[in-house]
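Q: Sending over structure_11.txt (compact mmCIF, C-alpha atoms).
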```txt
# COMPACT_ATOMS: atom_id res chain seq x y z
CA MET A 1 91.34 58.91 81.43
CA LEU A 2 90.98 56.41 78.57
CA GLU A 3 88.60 54.39 80.74
CA LEU A 4 86.39 57.47 81.23
CA VAL A 5 86.28 58.15 77.49
CA LEU A 6 85.36 54.52 76.77
CA GLU A 7 82.63 54.53 79.43
CA VAL A 8 81.08 57.76 78.11
CA LEU A 9 81.32 56.41 74.58
CA GLY A 10 79.62 53.19 75.74
CA GLU A 11 76.73 55.13 77.30
CA PHE A 12 76.39 57.22 74.13
CA LEU A 13 76.40 54.15 71.88
CA LEU A 14 73.81 52.43 74.08
CA GLN A 15 71.43 55.34 73.54
CA VAL A 16 72.13 55.64 69.80
CA VAL A 17 71.58 51.91 69.26
CA GLY A 18 68.39 52.06 71.33
CA GLU A 19 67.01 54.90 69.25
CA ALA A 20 68.04 53.26 66.00
CA LEU A 21 66.22 50.06 66.97
CA LEU A 22 63.17 52.04 68.04
CA GLU A 23 63.24 54.01 64.80
CA LEU A 24 63.44 50.81 62.78
CA GLY A 25 60.41 49.46 64.65
CA PHE A 26 58.45 52.67 64.10
CA HIS A 27 59.26 52.76 60.40
CA SER A 28 57.95 49.23 60.03
CA LEU A 29 54.76 50.05 61.95
CA ALA A 30 54.15 53.55 60.56
CA GLU A 31 52.88 52.63 57.11
CA PRO A 32 49.34 51.61 58.14
CA PHE A 33 48.91 54.71 60.29
CA ARG A 34 49.37 57.70 57.99
CA LYS A 35 47.40 60.18 60.12
CA PRO A 36 49.96 62.17 62.17
CA PRO A 37 49.41 61.90 65.92
CA ASN A 38 49.04 64.78 68.33
CA PRO A 39 52.56 66.16 68.96
CA TRP A 40 52.04 66.28 72.74
CA LEU A 41 50.91 62.67 72.84
CA ALA A 42 53.80 61.71 70.59
CA ALA A 43 56.23 63.47 72.98
CA LEU A 44 54.72 61.58 75.91
CA GLY A 45 55.03 58.34 73.95
CA TYR A 46 58.72 58.94 73.17
CA ALA A 47 59.41 59.81 76.80
CA LEU A 48 57.70 56.60 77.91
CA PHE A 49 59.54 54.52 75.30
CA GLY A 50 62.83 56.05 76.44
CA ALA A 51 62.05 55.26 80.07
CA ILE A 52 61.05 51.70 79.17
CA PHE A 53 64.19 51.17 77.11
CA GLY A 54 66.23 52.68 79.97
CA GLY A 55 64.67 50.17 82.37
CA LEU A 56 65.33 47.30 79.98
CA SER A 57 68.92 48.46 79.52
CA LEU A 58 69.38 48.08 83.29
CA LEU A 59 68.74 44.36 82.87
CA ALA A 60 71.63 44.07 80.43
CA PHE A 61 73.89 46.71 82.02
CA PRO A 62 72.96 47.07 85.72
CA SER A 63 76.06 49.11 86.53
CA ASN A 64 76.44 52.67 85.40
CA LEU A 65 78.87 52.91 82.52
CA VAL A 66 80.01 56.39 83.55
CA PRO A 67 81.86 57.04 86.84
CA GLN A 68 80.08 59.00 89.57
CA PRO A 69 81.73 62.41 89.04
CA TRP A 70 80.71 62.43 85.36
CA ARG A 71 77.17 61.05 85.63
CA LEU A 72 75.44 64.45 85.72
CA VAL A 73 77.50 65.69 82.76
CA ASN A 74 76.51 62.52 80.90
CA LEU A 75 72.84 63.14 81.71
CA VAL A 76 73.05 66.55 80.05
CA ILE A 77 75.46 66.01 77.14
CA THR A 78 74.57 62.56 75.82
CA PRO A 79 70.88 63.28 75.04
CA LEU A 80 71.92 66.46 73.21
CA ALA A 81 74.39 64.48 71.12
CA VAL A 82 71.85 61.73 70.41
CA GLY A 83 69.25 64.34 69.39
CA GLY A 84 71.79 65.75 66.94
CA ILE A 85 72.45 62.28 65.51
CA MET A 86 68.71 61.81 64.98
CA VAL A 87 68.59 65.07 62.98
CA PHE A 88 71.30 63.72 60.69
CA MET A 89 69.47 60.39 60.36
CA GLY A 90 66.26 62.23 59.45
CA ALA A 91 68.06 64.34 56.84
CA TRP A 92 69.70 61.22 55.43
CA ARG A 93 66.31 59.49 55.17
CA ALA A 94 64.65 62.54 53.60
CA LYS A 95 67.44 62.87 51.03
CA ARG A 96 66.81 59.29 49.96
CA GLY A 97 63.05 59.81 49.69
CA GLN A 98 62.25 57.68 52.74
CA SER A 99 59.58 58.65 55.23
CA VAL A 100 60.76 60.74 58.17
CA LEU A 101 59.22 60.01 61.55
CA ARG A 102 58.97 62.31 64.52
CA ILE A 103 61.93 60.60 66.22
CA ASP A 104 64.05 61.79 63.28
CA ARG A 105 63.73 65.32 64.68
CA PHE A 106 65.90 66.76 67.43
CA SER A 107 63.22 67.35 70.06
CA TYR A 108 61.75 63.85 69.97
CA GLY A 109 65.15 62.14 69.73
CA TYR A 110 66.39 64.28 72.63
CA LEU A 111 63.32 63.47 74.72
CA PHE A 112 63.72 59.74 74.15
CA ALA A 113 67.44 59.85 75.02
CA LEU A 114 66.85 62.09 78.06
CA SER A 115 64.24 59.69 79.45
CA LEU A 116 66.57 56.74 78.90
CA ALA A 117 69.52 58.57 80.46
CA PHE A 118 67.44 59.74 83.43
CA ILE A 119 66.30 56.20 84.26
CA ARG A 120 69.89 54.98 84.07
CA PHE A 121 71.05 57.99 86.12
CA GLN A 122 68.56 57.17 88.88
CA PHE A 123 68.68 53.39 88.99
CA ALA A 124 72.03 52.15 87.66
CA ALA A 125 74.31 50.89 90.41
```
Spit out the file's structure as structure tokens when you get a sec.
A:
Amino acid sequence: MLELVLEVLGEFLLQVVGEALLELGFHSLAEPFRKPPNPWLAALGYALFGAIFGGLSLLAFPSNLVPQPWRLVNLVITPLAVGGIMVFMGAWRAKRGQSVLRIDRFSYGYLFALSLAFIRFQFAA
């Protein structure tokens, strides 16, 4: 049972770290581009970035971190949890007067994490 908890926690942390790194990259690139993009194109971009990061994560972690019976539950629950974490990160940034990007909102954070989780769900051994 402890092994299952550690594996689910590992999958969750992989997605949180991935989004945090992506957010850091976007914050550094966002300054020159003040005009907000089309929300539908932004959603597509976050889905693509999530899928790309999911594919890259397979290079580092080719095996699924969650056992077979729990993989579908992980596909549903983990992106919801990561989306919630992104809401808290966005609120934390806003409270400190920092710029808040789209990924700091639930829907975009969820979409990124869902794309990443789906790629890992499909292709991890």
Q: Determine, counting all atoms listed in the file, every residue of protein, DNA or RNA that lies within 12 Å of (82.7, 61.9, 86.6) in the file coordinates, then give the result as a PyMOL selection string.
A: chain A and resi 1+3-5+7-8+64-75
Q: Take the residues that were just selected and, keeping C-alpha atoms, output them as an mmCIF file, in the coordinates of the input.
A:
```
data_model
loop_
_atom_site.group_PDB
_atom_site.id
_atom_site.type_symbol
_atom_site.label_atom_id
_atom_site.label_comp_id
_atom_site.auth_asym_id
_atom_site.auth_seq_id
_atom_site.Cartn_x
_atom_site.Cartn_y
_atom_site.Cartn_z
ATOM 1 C CA MET A 1 91.340 58.910 81.430
ATOM 2 C CA GLU A 3 88.600 54.390 80.740
ATOM 3 C CA LEU A 4 86.390 57.470 81.230
ATOM 4 C CA VAL A 5 86.280 58.150 77.490
ATOM 5 C CA GLU A 7 82.630 54.530 79.430
ATOM 6 C CA VAL A 8 81.080 57.760 78.110
ATOM 7 C CA ASN A 64 76.440 52.670 85.400
ATOM 8 C CA LEU A 65 78.870 52.910 82.520
ATOM 9 C CA VAL A 66 80.010 56.390 83.550
ATOM 10 C CA PRO A 67 81.860 57.040 86.840
ATOM 11 C CA GLN A 68 80.080 59.000 89.570
ATOM 12 C CA PRO A 69 81.730 62.410 89.040
ATOM 13 C CA TRP A 70 80.710 62.430 85.360
ATOM 14 C CA ARG A 71 77.170 61.050 85.630
ATOM 15 C CA LEU A 72 75.440 64.450 85.720
ATOM 16 C CA VAL A 73 77.500 65.690 82.760
ATOM 17 C CA ASN A 74 76.510 62.520 80.900
ATOM 18 C CA LEU A 75 72.840 63.140 81.710
#
```
Q: Separation of CA of Phe53 (chain A) and CA of Ala117 (chain A), in Å?
A: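 A separation of 9.7 Å between them.
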Q: So that I can check the surroundings of Leu80 (chain A), please list as a ChimeraX atom specification every protein, DNA and RNA residue that reaches within 8 Å of it, counting all atoms listed in the file and ignoring chain neighbours fewer than 4 positions away.
A: /A:76,84,110
Q: Please identify all polymer residues within 6 Å of region 47-50 of chain A, counting only C-alpha atoms, omitting same-chain residues fewer than 4 positions from it, and present them as a list in words.
A: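 In the requested form, the answer reads Gly54, Leu111, Phe112, Ser115 and Leu116 of chain A.
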Q: Measuring between only C-alpha atoms, which one of A:Val82, A:Leu44, A:Ile77, A:Leu114 shows the shortest distance to Val17 (chain A)?
A: A:Val82
Q: Which residue, A:Ala124, A:Ala51, A:Leu22, A:Ile119, has the smallest gap to Arg102 (chain A) when you use all atoms listed in the file?
A: A:Leu22
Q: Quick one, how far is CA of Ala42 (chain A) from CA of Gln15 (chain A)?
A: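 Distance reported for this atom pair: 19.0 Å.
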Q: Do you have the CA of Ala20 (chain A)-CA of Gln122 (chain A) distance handy?
A: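 It comes out at 23.2 Å.
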Q: Find the residues near Val87 (chain A): any atom within 7 Å, counting all atoms listed in the file, skip ones fewer than 4 places away on the same chain, and give them as a count of residues only.
A: 5
Q: Starting from 3 Å padding per side, set up an axis-aligned box that covers all listed atoms of region 91-104 of chain A and hand over centre and edge lengths in Å, one decimal, as lines of an AutoDock Vina configuration file.
A:
```
center_x = 64.3
center_y = 61.0
center_z = 58.0
size_x = 16.7
size_y = 12.7
size_z = 22.5
```
Q: Calculated over only C-alpha atoms, which of the candidates A:Phe123, A:Phe26, A:Trp40, A:Trp92 has the smallest distance to Ser57 (chain A)?
A: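 Closest residue, counting only C-alpha atoms: A:Phe123.
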Q: Using only C-alpha atoms, find the one residue out of A:Val100, A:Ala113, A:Ala125, A:Leu2 that sits nearest to Ser63 (chain A).
A: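 Closest to Ser63 (chain A), using only C-alpha atoms: A:Ala125.
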Q: Mind rebuilding region 52-72 of chain A with N, CA and C atoms and writing that out as a short mmCIF file (atom, residue, chain, number, x, y, z; two decimals), in the coordinates of the input?
A:
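Ended up saving to rebuild.cif:
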```
data_model
loop_
_atom_site.label_atom_id
_atom_site.label_comp_id
_atom_site.auth_asym_id
_atom_site.auth_seq_id
_atom_site.Cartn_x
_atom_site.Cartn_y
_atom_site.Cartn_z
N ILE A 52 61.15 53.16 79.25
CA ILE A 52 61.05 51.70 79.17
C ILE A 52 62.36 51.10 78.69
N PHE A 53 62.93 51.69 77.62
CA PHE A 53 64.19 51.17 77.11
C PHE A 53 65.29 51.36 78.15
N GLY A 54 65.27 52.47 78.90
CA GLY A 54 66.23 52.68 79.97
C GLY A 54 66.12 51.60 81.04
N GLY A 55 64.88 51.25 81.40
CA GLY A 55 64.67 50.17 82.37
C GLY A 55 65.15 48.84 81.84
N LEU A 56 64.87 48.56 80.57
CA LEU A 56 65.33 47.30 79.98
C LEU A 56 66.86 47.26 79.87
N SER A 57 67.46 48.42 79.62
CA SER A 57 68.92 48.46 79.52
C SER A 57 69.57 48.14 80.86
N LEU A 58 68.85 48.41 81.96
CA LEU A 58 69.38 48.08 83.29
C LEU A 58 69.49 46.57 83.48
N LEU A 59 68.65 45.82 82.79
CA LEU A 59 68.74 44.36 82.87
C LEU A 59 70.04 43.86 82.24
N ALA A 60 70.41 44.48 81.12
CA ALA A 60 71.63 44.07 80.43
C ALA A 60 72.88 44.70 81.03
N PHE A 61 72.76 45.96 81.46
CA PHE A 61 73.89 46.71 82.02
C PHE A 61 73.47 47.33 83.34
N PRO A 62 73.45 46.54 84.43
CA PRO A 62 72.96 47.07 85.72
C PRO A 62 73.87 48.13 86.33
N SER A 63 75.14 48.11 85.99
CA SER A 63 76.06 49.11 86.53
C SER A 63 76.10 50.31 85.61
N ASN A 64 76.31 51.48 86.21
CA ASN A 64 76.44 52.67 85.40
C ASN A 64 77.74 52.61 84.63
N LEU A 65 77.69 52.97 83.37
CA LEU A 65 78.87 52.91 82.52
C LEU A 65 79.78 54.13 82.70
N VAL A 66 79.26 55.15 83.34
CA VAL A 66 80.01 56.39 83.55
C VAL A 66 80.30 56.54 85.04
N PRO A 67 81.54 56.89 85.42
CA PRO A 67 81.86 57.04 86.84
C PRO A 67 81.07 58.17 87.50
N GLN A 68 80.90 58.08 88.80
CA GLN A 68 80.08 59.00 89.57
C GLN A 68 80.33 60.49 89.29
N PRO A 69 81.56 60.96 89.24
CA PRO A 69 81.73 62.41 89.04
C PRO A 69 81.22 62.91 87.69
N TRP A 70 81.10 62.04 86.71
CA TRP A 70 80.71 62.43 85.36
C TRP A 70 79.27 62.09 85.02
N ARG A 71 78.53 61.50 85.94
CA ARG A 71 77.17 61.05 85.63
C ARG A 71 76.23 62.20 85.28
N LEU A 72 76.32 63.31 86.01
CA LEU A 72 75.44 64.45 85.72
C LEU A 72 75.79 65.07 84.37
#
```
